[in-house]
file model.txt (compact mmCIF, C-alpha atoms)
# COMPACT_ATOMS: atom_id res chain seq x y z
CA LEU I 1 37.85 -39.26 16.33
CA ALA I 2 35.81 -38.17 13.41
CA VAL I 3 32.93 -37.18 11.18
CA PRO I 4 30.88 -39.34 8.73
CA LEU I 5 32.08 -39.35 5.16
CA PRO I 6 29.42 -40.56 2.68
CA LEU I 7 29.63 -44.28 1.90
CA ALA I 8 28.68 -44.34 -1.73
CA SER I 9 26.83 -41.17 -0.81
CA GLN I 10 26.09 -42.69 2.57
CA LEU I 11 29.31 -43.09 4.42
CA MET I 12 32.88 -41.82 4.64
CA ARG I 13 33.74 -39.93 7.67
CA LEU I 14 36.61 -37.52 8.04
CA ALA I 15 37.29 -34.15 9.65
CA GLY I 16 40.19 -31.73 9.66
CA SER I 17 42.82 -31.48 12.37
CA ARG I 18 46.40 -30.65 13.17
CA LEU I 19 48.76 -33.24 14.58
CA SER I 20 51.05 -32.29 17.39
CA SER I 21 48.52 -32.08 20.24
CA ARG I 22 45.77 -34.20 18.78
CA PRO I 23 45.56 -37.73 17.34
CA LEU I 24 45.00 -38.50 13.70
CA LEU I 25 41.37 -38.70 12.80
CA ALA I 26 39.72 -42.05 12.46
CA LEU I 27 36.91 -42.09 9.97
CA ARG I 28 33.97 -43.42 11.95
CA GLY I 29 32.08 -40.31 12.82
CA ARG I 30 30.72 -38.44 15.77
CA LEU I 31 27.29 -39.75 14.93
CA GLY I 32 28.93 -43.13 14.97
CA ALA I 33 27.02 -46.22 14.02
CA ALA I 34 23.74 -44.45 14.50
CA SER I 35 23.94 -42.60 11.19
CA VAL I 36 24.81 -45.72 9.28
CA LEU I 37 22.65 -48.26 11.07
CA GLY I 38 19.60 -46.21 10.22
CA ARG I 39 20.54 -46.27 6.57
CA ARG I 40 20.96 -50.02 6.66
CA GLY I 41 17.21 -50.41 6.86
CA LEU I 42 16.74 -50.59 10.59
CA HIS I 43 13.64 -49.14 12.19
CA LEU I 44 15.24 -45.91 13.33
CA GLY I 45 16.90 -43.78 10.68
CA VAL I 46 19.57 -41.16 11.28
CA GLU I 47 21.03 -38.91 8.62
CA ALA I 48 24.48 -37.36 8.65
CA ASP I 49 23.02 -34.02 9.80
CA PRO I 50 21.76 -34.61 13.36
CA ARG I 51 19.09 -31.98 12.79
CA ARG I 52 17.55 -34.43 10.30
CA MET I 53 17.63 -37.48 12.52
CA THR I 54 14.26 -39.19 12.01
CA PHE I 55 12.50 -42.01 13.76
CA VAL I 56 9.60 -44.04 12.39
CA ASP I 57 6.84 -44.05 14.98
CA PRO I 58 4.80 -47.19 15.57
CA THR I 59 1.41 -47.21 13.88
CA VAL I 60 -1.76 -46.74 15.91
CA PRO I 61 -3.92 -49.89 15.93
CA GLU I 62 -7.35 -49.40 14.39
CA GLU I 63 -9.05 -50.70 17.54
CA THR I 64 -7.58 -47.92 19.70
CA PRO I 65 -10.37 -46.01 21.53
CA SER I 66 -11.27 -42.66 19.99
CA ARG I 67 -9.94 -40.61 22.94
CA GLU I 68 -6.56 -42.33 22.72
CA ARG I 69 -6.54 -41.79 18.98
CA GLU I 70 -7.18 -38.08 19.53
CA GLU I 71 -4.30 -37.93 22.00
CA GLU I 72 -2.09 -39.78 19.55
CA GLN I 73 -3.00 -37.37 16.77
CA GLU I 74 -2.20 -34.41 19.02
CA LEU I 75 1.19 -35.90 19.89
CA ARG I 76 1.92 -36.52 16.24
CA SER I 77 1.06 -32.91 15.51
CA LEU I 78 3.47 -31.74 18.22
CA ASN I 79 6.10 -34.10 16.83
CA GLY I 80 5.49 -32.69 13.35
CA MET I 81 6.06 -29.18 14.67
CA ALA I 82 9.30 -30.32 16.28
CA GLN I 83 10.42 -31.93 13.03
CA ALA I 84 9.60 -28.79 11.08
CA TYR I 85 11.61 -26.60 13.45
CA ARG I 86 14.53 -29.02 13.23
CA GLU I 87 14.39 -29.02 9.43
CA ALA I 88 14.42 -25.21 9.54
CA GLY I 89 17.48 -25.24 11.82
CA ASP I 90 15.61 -23.85 14.84
CA LEU I 91 16.95 -26.41 17.30
CA THR I 92 15.86 -24.48 20.39
CA ARG I 93 12.18 -24.73 19.48
CA ALA I 94 12.68 -28.27 18.16
CA GLU I 95 14.09 -29.31 21.53
CA ALA I 96 11.18 -27.72 23.38
CA TYR I 97 8.58 -29.54 21.26
CA PHE I 98 10.38 -32.88 21.39
CA ALA I 99 10.64 -32.51 25.18
CA ARG I 100 6.87 -31.94 25.38
CA VAL I 101 6.23 -35.03 23.29
CA LEU I 102 8.53 -37.14 25.46
CA ALA I 103 6.90 -35.94 28.68
CA ARG I 104 3.44 -36.78 27.33
CA ARG I 105 4.59 -40.17 26.07
CA ARG I 106 6.01 -41.06 29.47
CA ALA I 107 2.83 -39.98 31.20
CA LEU I 108 0.57 -41.89 28.80
CA HIS I 109 2.60 -45.02 28.05
CA GLY I 110 5.43 -45.30 30.57
CA SER I 111 9.18 -45.17 30.06
CA ASP I 112 9.56 -48.54 28.32
CA ASP I 113 6.92 -48.20 25.63
CA PRO I 114 8.34 -48.17 22.08
CA ARG I 115 6.61 -44.85 21.40
CA THR I 116 8.42 -43.34 24.38
CA LEU I 117 11.70 -44.79 23.13
CA TYR I 118 11.21 -43.11 19.75
CA ALA I 119 10.53 -39.80 21.50
CA MET I 120 13.75 -40.26 23.52
CA GLY I 121 15.67 -40.81 20.30
CA HIS I 122 14.35 -37.61 18.73
CA LEU I 123 15.21 -35.50 21.76
CA THR I 124 18.65 -37.09 22.13
CA ALA I 125 19.47 -36.22 18.52
CA VAL I 126 18.47 -32.59 18.93
CA LEU I 127 20.38 -32.25 22.20
CA ALA I 128 23.48 -33.62 20.47
CA ALA I 129 23.00 -31.28 17.51
CA ARG I 130 22.78 -28.31 19.88
CA GLY I 131 25.98 -29.35 21.62
CA SER I 132 24.26 -30.38 24.86
CA LEU I 133 26.30 -33.56 24.87
CA HIS I 134 26.10 -34.42 28.57
CA ALA I 135 22.31 -34.15 28.51
CA ALA I 136 22.25 -36.19 25.31
CA VAL I 137 24.40 -38.89 26.94
CA THR I 138 22.11 -39.09 29.97
CA LEU I 139 19.02 -39.51 27.81
CA ALA I 140 20.73 -41.92 25.42
CA LYS I 141 21.73 -44.19 28.29
CA LYS I 142 18.14 -44.21 29.58
CA GLN I 143 16.94 -45.07 26.09
CA CYS I 144 19.46 -47.92 25.84
CA ALA I 145 18.42 -49.38 29.18
CA ALA I 146 14.72 -49.19 28.32
CA SER I 147 15.30 -50.66 24.87
CA LEU I 148 17.20 -53.57 26.38
CA ARG I 149 14.31 -54.26 28.76
CA THR I 150 11.59 -53.87 26.16
CA LEU I 151 13.11 -55.07 22.89
CA GLY I 152 16.13 -57.15 23.90
CA PRO I 153 19.84 -56.81 23.10
CA CYS I 154 19.64 -57.92 19.45
CA HIS I 155 16.69 -55.82 18.31
CA PRO I 156 17.70 -53.41 15.52
CA ASP I 157 16.46 -50.39 17.47
CA THR I 158 18.50 -51.43 20.52
CA LEU I 159 21.60 -51.77 18.36
CA LEU I 160 20.99 -48.34 16.89
CA CYS I 161 20.59 -46.49 20.18
CA HIS I 162 23.65 -48.27 21.62
CA GLY I 163 25.71 -47.24 18.60
CA HIS I 164 24.64 -43.64 19.09
CA ALA I 165 25.47 -43.86 22.79
CA VAL I 166 29.01 -45.06 21.99
CA SER I 167 29.60 -41.97 19.86
CA LEU I 168 28.20 -39.60 22.48
CA LEU I 169 30.15 -41.19 25.33
CA SER I 170 33.36 -40.84 23.33
CA GLN I 171 32.66 -37.18 22.65
CA VAL I 172 32.30 -36.37 26.35
CA GLY I 173 35.45 -38.31 27.26
CA ARG I 174 33.76 -41.25 28.96
CA HIS I 175 35.92 -43.67 27.03
CA GLU I 176 35.66 -46.67 29.36
CA GLU I 177 31.87 -46.57 29.15
CA ALA I 178 32.13 -46.14 25.39
CA GLU I 179 34.32 -49.23 25.19
CA GLU I 180 31.92 -51.30 27.30
CA THR I 181 28.93 -50.19 25.22
CA ALA I 182 30.80 -50.77 21.96
CA ARG I 183 31.64 -54.34 23.01
CA LEU I 184 27.98 -55.03 23.77
CA THR I 185 26.86 -53.48 20.49
CA HIS I 186 29.33 -55.48 18.43
CA SER I 187 28.56 -58.80 20.09
CA SER I 188 24.82 -58.19 19.68
CA CYS I 189 25.22 -57.14 16.04
CA ALA I 190 27.28 -60.26 15.34
CA ALA I 191 24.63 -62.45 16.98
CA TYR I 192 21.77 -60.80 15.11
CA HIS I 193 23.31 -60.10 11.69
CA GLY I 194 26.45 -62.25 11.49
CA GLU I 195 30.13 -61.27 11.56
CA ALA I 196 30.34 -60.02 7.97
CA HIS I 197 27.15 -57.97 7.88
CA PRO I 198 27.76 -54.26 7.14
CA THR I 199 26.08 -53.26 10.39
CA THR I 200 28.37 -55.58 12.36
CA LEU I 201 31.39 -54.15 10.57
CA ILE I 202 30.34 -50.65 11.59
CA ALA I 203 30.01 -51.79 15.20
CA LEU I 204 33.42 -53.46 14.95
CA SER I 205 34.91 -50.20 13.71
CA GLN I 206 33.34 -48.31 16.63
CA LEU I 207 34.83 -50.87 19.01
CA GLY I 208 38.26 -50.42 17.43
CA GLN I 209 38.11 -46.67 17.88
CA ALA I 210 36.88 -47.01 21.45
CA LEU I 211 39.85 -49.26 22.16
CA ILE I 212 42.23 -46.69 20.67
CA ALA I 213 40.79 -44.08 23.03
CA VAL I 214 41.64 -46.24 26.07
CA ASN I 215 45.09 -47.12 24.65
CA LYS I 216 44.29 -50.79 24.02
CA LEU I 217 46.07 -50.43 20.73
CA ASP I 218 46.95 -54.05 20.01
CA GLU I 219 43.33 -55.13 20.40
CA ALA I 220 42.22 -52.12 18.38
CA GLU I 221 44.55 -53.13 15.55
CA THR I 222 43.14 -56.67 15.63
CA CYS I 223 39.56 -55.36 15.44
CA LEU I 224 40.32 -53.01 12.58
CA ARG I 225 42.33 -55.59 10.62
CA THR I 226 39.37 -57.94 10.99
CA GLU I 227 37.09 -55.22 9.69
CA VAL I 228 39.35 -54.62 6.69
CA ALA I 229 39.48 -58.35 5.87
CA LEU I 230 35.73 -58.90 6.20
CA SER I 231 34.88 -55.74 4.29
CA THR I 232 37.29 -56.67 1.51
CA ASP I 233 35.77 -60.15 1.25
CA SER I 234 32.16 -58.98 1.27
CA LEU I 235 32.35 -55.62 -0.54
CA GLY I 236 35.65 -55.65 -2.42
CA GLY I 237 38.89 -53.79 -1.91
CA SER I 238 37.81 -50.65 -3.78
CA HIS I 239 34.46 -50.22 -2.04
CA PRO I 240 34.18 -46.94 -0.09
CA GLU I 241 33.39 -48.82 3.11
CA THR I 242 36.56 -50.89 2.72
CA ARG I 243 38.61 -47.78 2.10
CA ILE I 244 37.22 -46.24 5.29
CA ALA I 245 38.13 -49.38 7.22
CA CYS I 246 41.67 -49.14 5.85
CA SER I 247 41.96 -45.53 6.93
CA ASN I 248 40.71 -46.39 10.42
CA LEU I 249 43.37 -49.09 10.60
CA ALA I 250 45.98 -46.54 9.54
CA SER I 251 44.99 -44.30 12.45
CA ALA I 252 45.47 -47.20 14.86
CA LEU I 253 48.88 -47.96 13.36
CA VAL I 254 49.99 -44.36 13.79
CA ALA I 255 48.89 -44.39 17.43
CA GLN I 256 50.91 -47.56 17.99
CA ALA I 257 53.92 -46.15 16.19
CA ARG I 258 54.00 -43.10 18.43
CA LEU I 259 54.04 -45.25 21.55
CA LEU I 260 56.77 -47.50 20.13
CA ALA I 261 58.96 -44.72 18.74
CA ASP I 262 61.54 -44.77 21.54
CA ALA I 263 61.47 -48.39 22.70
CA MET I 264 61.09 -50.14 19.32
CA PRO I 265 61.98 -47.70 16.54
CA ASP I 266 62.11 -50.33 13.79
CA LEU I 267 58.62 -51.61 14.54
CA SER I 268 57.39 -48.03 14.85
CA ALA I 269 58.82 -47.21 11.43
CA SER I 270 57.18 -50.30 9.93
CA LYS I 271 53.76 -49.33 11.25
CA LEU I 272 54.15 -45.77 9.96
CA SER I 273 55.12 -47.09 6.56
CA GLU I 274 51.97 -49.21 6.39
CA ALA I 275 49.86 -46.29 7.63
CA GLU I 276 51.34 -44.01 4.96
CA ALA I 277 50.33 -46.43 2.21
CA LEU I 278 46.81 -46.71 3.60
CA PHE I 279 46.37 -42.96 3.94
CA ARG I 280 47.76 -42.42 0.44
CA ALA I 281 45.17 -44.84 -0.96
CA GLN I 282 42.43 -43.04 0.99
CA LEU I 283 43.51 -39.67 -0.39
CA ASP I 284 43.51 -41.00 -3.96
CA ALA I 285 40.02 -42.45 -3.42
CA CYS I 286 38.71 -39.14 -2.01
CA VAL I 287 40.14 -37.11 -4.87
CA SER I 288 38.66 -39.51 -7.41
CA ALA I 289 35.21 -39.75 -5.82
CA LEU I 290 34.76 -36.30 -4.25
CA GLY I 291 37.23 -33.93 -5.88
CA GLU I 292 40.12 -31.86 -4.58
CA ARG I 293 38.02 -29.35 -2.67
CA HIS I 294 35.71 -31.64 -0.74
CA PRO I 295 36.13 -31.32 3.07
CA HIS I 296 36.74 -35.06 3.38
CA THR I 297 39.52 -34.84 0.82
CA LEU I 298 41.09 -32.09 2.92
CA THR I 299 41.07 -34.38 5.93
CA ALA I 300 42.70 -37.14 3.91
CA VAL I 301 45.41 -34.65 2.91
CA SER I 302 45.89 -33.72 6.56
CA ASN I 303 46.17 -37.33 7.73
CA LEU I 304 48.78 -38.18 5.11
CA ALA I 305 50.77 -35.02 5.88
CA GLN I 306 50.75 -35.81 9.58
CA THR I 307 52.03 -39.31 8.90
CA TYR I 308 54.88 -37.86 6.87
CA ARG I 309 55.71 -35.62 9.82
CA ASP I 310 55.73 -38.60 12.17
CA ARG I 311 58.18 -40.29 9.83
CA GLY I 312 60.40 -37.22 9.76
CA GLN I 313 59.69 -36.63 6.06
CA LEU I 314 59.12 -32.91 6.38
CA ALA I 315 59.84 -32.23 2.72
CA GLU I 316 56.87 -34.44 1.78
CA ALA I 317 54.66 -33.10 4.57
CA GLU I 318 55.14 -29.40 3.88
CA PRO I 319 53.48 -29.16 0.45
CA LEU I 320 50.54 -31.25 1.65
CA LEU I 321 50.01 -29.01 4.68
CA ARG I 322 50.24 -25.91 2.47
CA ARG I 323 47.77 -27.47 0.05
CA GLU I 324 45.41 -28.27 2.90
CA ALA I 325 45.61 -24.71 4.29
CA GLU I 326 44.95 -23.11 0.90
CA LEU I 327 42.03 -25.37 0.05
CA SER I 328 40.57 -25.09 3.54
CA ALA I 329 40.50 -21.31 3.21
CA LEU I 330 38.65 -21.64 -0.10
CA VAL I 331 36.21 -24.36 0.97
CA LEU I 332 35.58 -23.60 4.64
CA GLY I 333 36.51 -19.93 4.84
CA PRO I 334 39.52 -18.23 6.43
CA ALA I 335 37.86 -18.08 9.90
CA HIS I 336 37.22 -21.84 10.08
CA GLU I 337 39.33 -23.75 12.64
call {"tool": "encode", "arguments": {"input": "model.txt", "output": "structure tokens"}}
result
Amino acid sequence: LAVPLPLASQLMRLAGSRLSSRPLLALRGRLGAASVLGRRGLHLGVEADPRRMTFVDPTVPEETPSREREEEQELRSLNGMAQAYREAGDLTRAEAYFARVLARRRALHGSDDPRTLYAMGHLTAVLAARGSLHAAVTLAKKQCAASLRTLGPCHPDTLLCHGHAVSLLSQVGRHEEAEETARLTHSSCAAYHGEAHPTTLIALSQLGQALIAVNKLDEAETCLRTEVALSTDSLGGSHPETRIACSNLASALVAQARLLADAMPDLSASKLSEAEALFRAQLDACVSALGERHPHTLTAVSNLAQTYRDRGQLAEAEPLLRREAELSALVLGPAHE
């Protein structure tokens, strides 16, 4: 389920797909809450491009002995090299340097020191960006466990690394673990920030998508309807974050409709009708904010077209699919899948 789409230039996740063998895309991206939590002012920041994922290292106390300060400066230099390689797109060298920093941090400070946790976060991000998802998951889970021990379940950095872990677990198909982690993240966010805080809403959205992945569709719908209501109350119905929440809800409704199609066709049709309206509103918002040719607009076109196909409205679906194919060739290139 998905790729971040900027929220007021920060957030709105969408990605292209075809229907028959794959589910509609939800809008909470592969970087998951991590990308957004960082932007909400938490200690660890993550940008939409995982190559640019940045962590703010703890400062070195002035009273630190000179030898330790020299070691710290050397580690910061290595970290700077890793950052530079990542910024340049050389993820192989970035991974090697971040791995060296992490090994030194563990040797000097132990596995639970905040400086080691930051180094884990850097390396996890690069592994994910390189597509080494299983290695990224393993390291992310170690970071989560250490952060829980060191910082506690409600610390902003703990919430961030758990949100990232949910996204990674989902990508490698470990959906039950993703659900369990998403529940913990949401409950901790609610305890720390409150139910209506934007960070909590992001965690609630992740939980809803995790529930969809394990076919707990009724609970997923409840989560996502709650997100829509809270986001509407706190941000307004036209806010990009609210529109994303609505589109996520539409994806859940479509998943339910497909399961109900044979046993309860009337209820299935009702859910598809609501999903169509939500996807139509999302498409209008994307066109208005991003333009016809933006990749996220293309995904909105695809989602609406797929919903028409589910409803048997092939005459409405066909021009949208043709429009998506033509614009995709222009924007992404003819070889893009």
call {"tool": "closest_residue", "arguments": {"input": "model.txt", "among": "I:Ala275, I:Val214, I:Leu159, I:Leu78", "to": "Ser147 in chain I", "atoms": "only C-alpha atoms"}}
result
I:Leu159
call {"tool": "axis_aligned_box", "arguments": {"input": "model.txt", "around": "range 133-151 of chain I", "padding_each_side": "4 Å", "output": "AutoDock Vina command-line options"}}
result
--center_x 18.9 --center_y -44.3 --center_z 26.4 --size_x 22.7 --size_y 29.5 --size_z 15.1
call {"tool": "atom_distance", "arguments": {"input": "model.txt", "atom1": "CA of Ser270 in chain I", "atom2": "CA of Glu195 in chain I"}}
result
29.2 Å
call {"tool": "residues_near_point", "arguments": {"input": "model.txt", "point": "(22.9, -38.0, 19.3)", "cutoff": "6 Å", "atoms": "all atoms listed in the file", "output": "JSON, numbers by chain"}}
result
{"I": [124, 125, 128, 164]}
call {"tool": "atom_distance", "arguments": {"input": "model.txt", "atom1": "CA of Gln83 in chain I", "atom2": "CA of Ala103 in chain I"}}
result
16.5 Å
call {"tool": "residues_around", "arguments": {"input": "model.txt", "residues": "range 311-316 of chain I", "least_positions_apart": "3", "cutoff": "9 Å", "atoms": "all atoms listed in the file", "output": "number ranges by chain"}}
result
I: 269, 272-273, 305-308, 319-320
call {"tool": "write_last_selection", "arguments": {"input": "model.txt", "atoms": "C-alpha atoms", "output": "mmCIF file, keeping the file's coordinate frame"}}
result
data_model
loop_
_atom_site.group_PDB
_atom_site.id
_atom_site.type_symbol
_atom_site.label_atom_id
_atom_site.label_comp_id
_atom_site.auth_asym_id
_atom_site.auth_seq_id
_atom_site.Cartn_x
_atom_site.Cartn_y
_atom_site.Cartn_z
ATOM 1 C CA ALA I 269 58.820 -47.210 11.430
ATOM 2 C CA LEU I 272 54.150 -45.770 9.960
ATOM 3 C CA SER I 273 55.120 -47.090 6.560
ATOM 4 C CA ALA I 305 50.770 -35.020 5.880
ATOM 5 C CA GLN I 306 50.750 -35.810 9.580
ATOM 6 C CA THR I 307 52.030 -39.310 8.900
ATOM 7 C CA TYR I 308 54.880 -37.860 6.870
ATOM 8 C CA PRO I 319 53.480 -29.160 0.450
ATOM 9 C CA LEU I 320 50.540 -31.250 1.650
#
call {"tool": "atom_distance", "arguments": {"input": "model.txt", "atom1": "CA of His197 in chain I", "atom2": "CA of Asp233 in chain I"}}
result
11.1 Å
call {"tool": "residues_near_point", "arguments": {"input": "model.txt", "point": "(49.7, -48.5, 2.4)", "cutoff": "12 Å", "atoms": "only C-alpha atoms", "output": "PyMOL selection string"}}
result
chain I and resi 243+246-247+249-251+253+270-284+304+307
call {"tool": "write_last_selection", "arguments": {"input": "model.txt", "atoms": "C-alpha atoms", "output": "CSV table (one decimal), in the coordinates of the input"}}
result
chain,number,residue,atom,x,y,z
I,243,ARG,CA,38.6,-47.8,2.1
I,246,CYS,CA,41.7,-49.1,5.8
I,247,SER,CA,42.0,-45.5,6.9
I,249,LEU,CA,43.4,-49.1,10.6
I,250,ALA,CA,46.0,-46.5,9.5
I,251,SER,CA,45.0,-44.3,12.4
I,253,LEU,CA,48.9,-48.0,13.4
I,270,SER,CA,57.2,-50.3,9.9
I,271,LYS,CA,53.8,-49.3,11.2
I,272,LEU,CA,54.2,-45.8,10.0
I,273,SER,CA,55.1,-47.1,6.6
I,274,GLU,CA,52.0,-49.2,6.4
I,275,ALA,CA,49.9,-46.3,7.6
I,276,GLU,CA,51.3,-44.0,5.0
I,277,ALA,CA,50.3,-46.4,2.2
I,278,LEU,CA,46.8,-46.7,3.6
I,279,PHE,CA,46.4,-43.0,3.9
I,280,ARG,CA,47.8,-42.4,0.4
I,281,ALA,CA,45.2,-44.8,-1.0
I,282,GLN,CA,42.4,-43.0,1.0
I,283,LEU,CA,43.5,-39.7,-0.4
I,284,ASP,CA,43.5,-41.0,-4.0
I,304,LEU,CA,48.8,-38.2,5.1
I,307,THR,CA,52.0,-39.3,8.9
call {"tool": "residues_around", "arguments": {"input": "model.txt", "residues": "range 93-97 of chain I", "least_positions_apart": "2", "cutoff": "10 Å", "atoms": "all atoms listed in the file", "output": "ChimeraX atom specification"}}
result
/I:51,75,78-91,99-103,122-127,129-130
call {"tool": "residues_around", "arguments": {"input": "model.txt", "residues": "range 170-175 of chain I", "least_positions_apart": "2", "cutoff": "9 Å", "atoms": "all atoms listed in the file", "output": "list in words"}}
result
Leu1, Arg30, Leu133, His134, Val137, Ala165, Val166, Ser167, Leu168, Glu177, Ala178, Glu179, Glu180, Ala210, Leu211, Ala213 and Val214 of chain I
call {"tool": "build_atoms", "arguments": {"input": "model.txt", "residues": "range 280-288 of chain I", "atoms": "all heavy atoms", "output": "PDB file, keeping the file's coordinate frame"}}
result
ATOM      1  N   ARG I 280      47.585 -42.830   1.836  1.00  0.00           N
ATOM      2  CA  ARG I 280      47.760 -42.420   0.440  1.00  0.00           C
ATOM      3  C   ARG I 280      46.628 -42.971  -0.417  1.00  0.00           C
ATOM      4  O   ARG I 280      46.045 -42.259  -1.256  1.00  0.00           O
ATOM      5  CB  ARG I 280      49.120 -42.916  -0.081  1.00  0.00           C
ATOM      6  CG  ARG I 280      49.304 -42.806  -1.595  1.00  0.00           C
ATOM      7  CD  ARG I 280      49.214 -41.389  -2.105  1.00  0.00           C
ATOM      8  NE  ARG I 280      50.344 -40.583  -1.657  1.00  0.00           N
ATOM      9  CZ  ARG I 280      50.455 -39.282  -1.918  1.00  0.00           C
ATOM     10  NH1 ARG I 280      49.489 -38.656  -2.579  1.00  0.00           N
ATOM     11  NH2 ARG I 280      51.505 -38.613  -1.479  1.00  0.00           N
ATOM     12  N   ALA I 281      46.267 -44.238  -0.205  1.00  0.00           N
ATOM     13  CA  ALA I 281      45.170 -44.840  -0.960  1.00  0.00           C
ATOM     14  C   ALA I 281      43.848 -44.129  -0.655  1.00  0.00           C
ATOM     15  O   ALA I 281      43.022 -43.914  -1.547  1.00  0.00           O
ATOM     16  CB  ALA I 281      45.063 -46.331  -0.631  1.00  0.00           C
ATOM     17  N   GLN I 282      43.647 -43.751   0.621  1.00  0.00           N
ATOM     18  CA  GLN I 282      42.430 -43.040   0.990  1.00  0.00           C
ATOM     19  C   GLN I 282      42.364 -41.675   0.312  1.00  0.00           C
ATOM     20  O   GLN I 282      41.304 -41.260  -0.175  1.00  0.00           O
ATOM     21  CB  GLN I 282      42.355 -42.869   2.506  1.00  0.00           C
ATOM     22  CG  GLN I 282      41.106 -42.155   3.002  1.00  0.00           C
ATOM     23  CD  GLN I 282      39.837 -42.932   2.723  1.00  0.00           C
ATOM     24  OE1 GLN I 282      39.860 -44.148   2.648  1.00  0.00           O
ATOM     25  NE2 GLN I 282      38.733 -42.229   2.536  1.00  0.00           N
ATOM     26  N   LEU I 283      43.480 -40.966   0.265  1.00  0.00           N
ATOM     27  CA  LEU I 283      43.510 -39.670  -0.390  1.00  0.00           C
ATOM     28  C   LEU I 283      43.178 -39.817  -1.874  1.00  0.00           C
ATOM     29  O   LEU I 283      42.376 -39.053  -2.426  1.00  0.00           O
ATOM     30  CB  LEU I 283      44.878 -39.010  -0.210  1.00  0.00           C
ATOM     31  CG  LEU I 283      45.097 -37.694  -0.972  1.00  0.00           C
ATOM     32  CD1 LEU I 283      44.052 -36.659  -0.598  1.00  0.00           C
ATOM     33  CD2 LEU I 283      46.505 -37.162  -0.700  1.00  0.00           C
ATOM     34  N   ASP I 284      43.790 -40.786  -2.532  1.00  0.00           N
ATOM     35  CA  ASP I 284      43.510 -41.000  -3.960  1.00  0.00           C
ATOM     36  C   ASP I 284      42.032 -41.294  -4.183  1.00  0.00           C
ATOM     37  O   ASP I 284      41.422 -40.795  -5.142  1.00  0.00           O
ATOM     38  CB  ASP I 284      44.363 -42.151  -4.489  1.00  0.00           C
ATOM     39  CG  ASP I 284      45.847 -41.825  -4.529  1.00  0.00           C
ATOM     40  OD1 ASP I 284      46.190 -40.628  -4.456  1.00  0.00           O
ATOM     41  OD2 ASP I 284      46.665 -42.765  -4.624  1.00  0.00           O
ATOM     42  N   ALA I 285      41.440 -42.102  -3.290  1.00  0.00           N
ATOM     43  CA  ALA I 285      40.020 -42.450  -3.420  1.00  0.00           C
ATOM     44  C   ALA I 285      39.144 -41.214  -3.226  1.00  0.00           C
ATOM     45  O   ALA I 285      38.155 -41.013  -3.949  1.00  0.00           O
ATOM     46  CB  ALA I 285      39.650 -43.533  -2.421  1.00  0.00           C
ATOM     47  N   CYS I 286      39.490 -40.357  -2.260  1.00  0.00           N
ATOM     48  CA  CYS I 286      38.710 -39.140  -2.010  1.00  0.00           C
ATOM     49  C   CYS I 286      38.786 -38.190  -3.194  1.00  0.00           C
ATOM     50  O   CYS I 286      37.775 -37.614  -3.617  1.00  0.00           O
ATOM     51  CB  CYS I 286      39.201 -38.454  -0.747  1.00  0.00           C
ATOM     52  SG  CYS I 286      38.670 -39.227   0.791  1.00  0.00           S
ATOM     53  N   VAL I 287      39.977 -38.004  -3.724  1.00  0.00           N
ATOM     54  CA  VAL I 287      40.140 -37.110  -4.870  1.00  0.00           C
ATOM     55  C   VAL I 287      39.321 -37.619  -6.053  1.00  0.00           C
ATOM     56  O   VAL I 287      38.623 -36.854  -6.731  1.00  0.00           O
ATOM     57  CB  VAL I 287      41.620 -36.972  -5.253  1.00  0.00           C
ATOM     58  CG1 VAL I 287      41.768 -36.236  -6.578  1.00  0.00           C
ATOM     59  CG2 VAL I 287      42.382 -36.240  -4.155  1.00  0.00           C
ATOM     60  N   SER I 288      39.378 -38.919  -6.279  1.00  0.00           N
ATOM     61  CA  SER I 288      38.660 -39.510  -7.410  1.00  0.00           C
ATOM     62  C   SER I 288      37.153 -39.407  -7.241  1.00  0.00           C
ATOM     63  O   SER I 288      36.440 -39.077  -8.185  1.00  0.00           O
ATOM     64  CB  SER I 288      39.070 -40.984  -7.556  1.00  0.00           C
ATOM     65  OG  SER I 288      38.326 -41.617  -8.581  1.00  0.00           O
TER      66      SER I 288
END
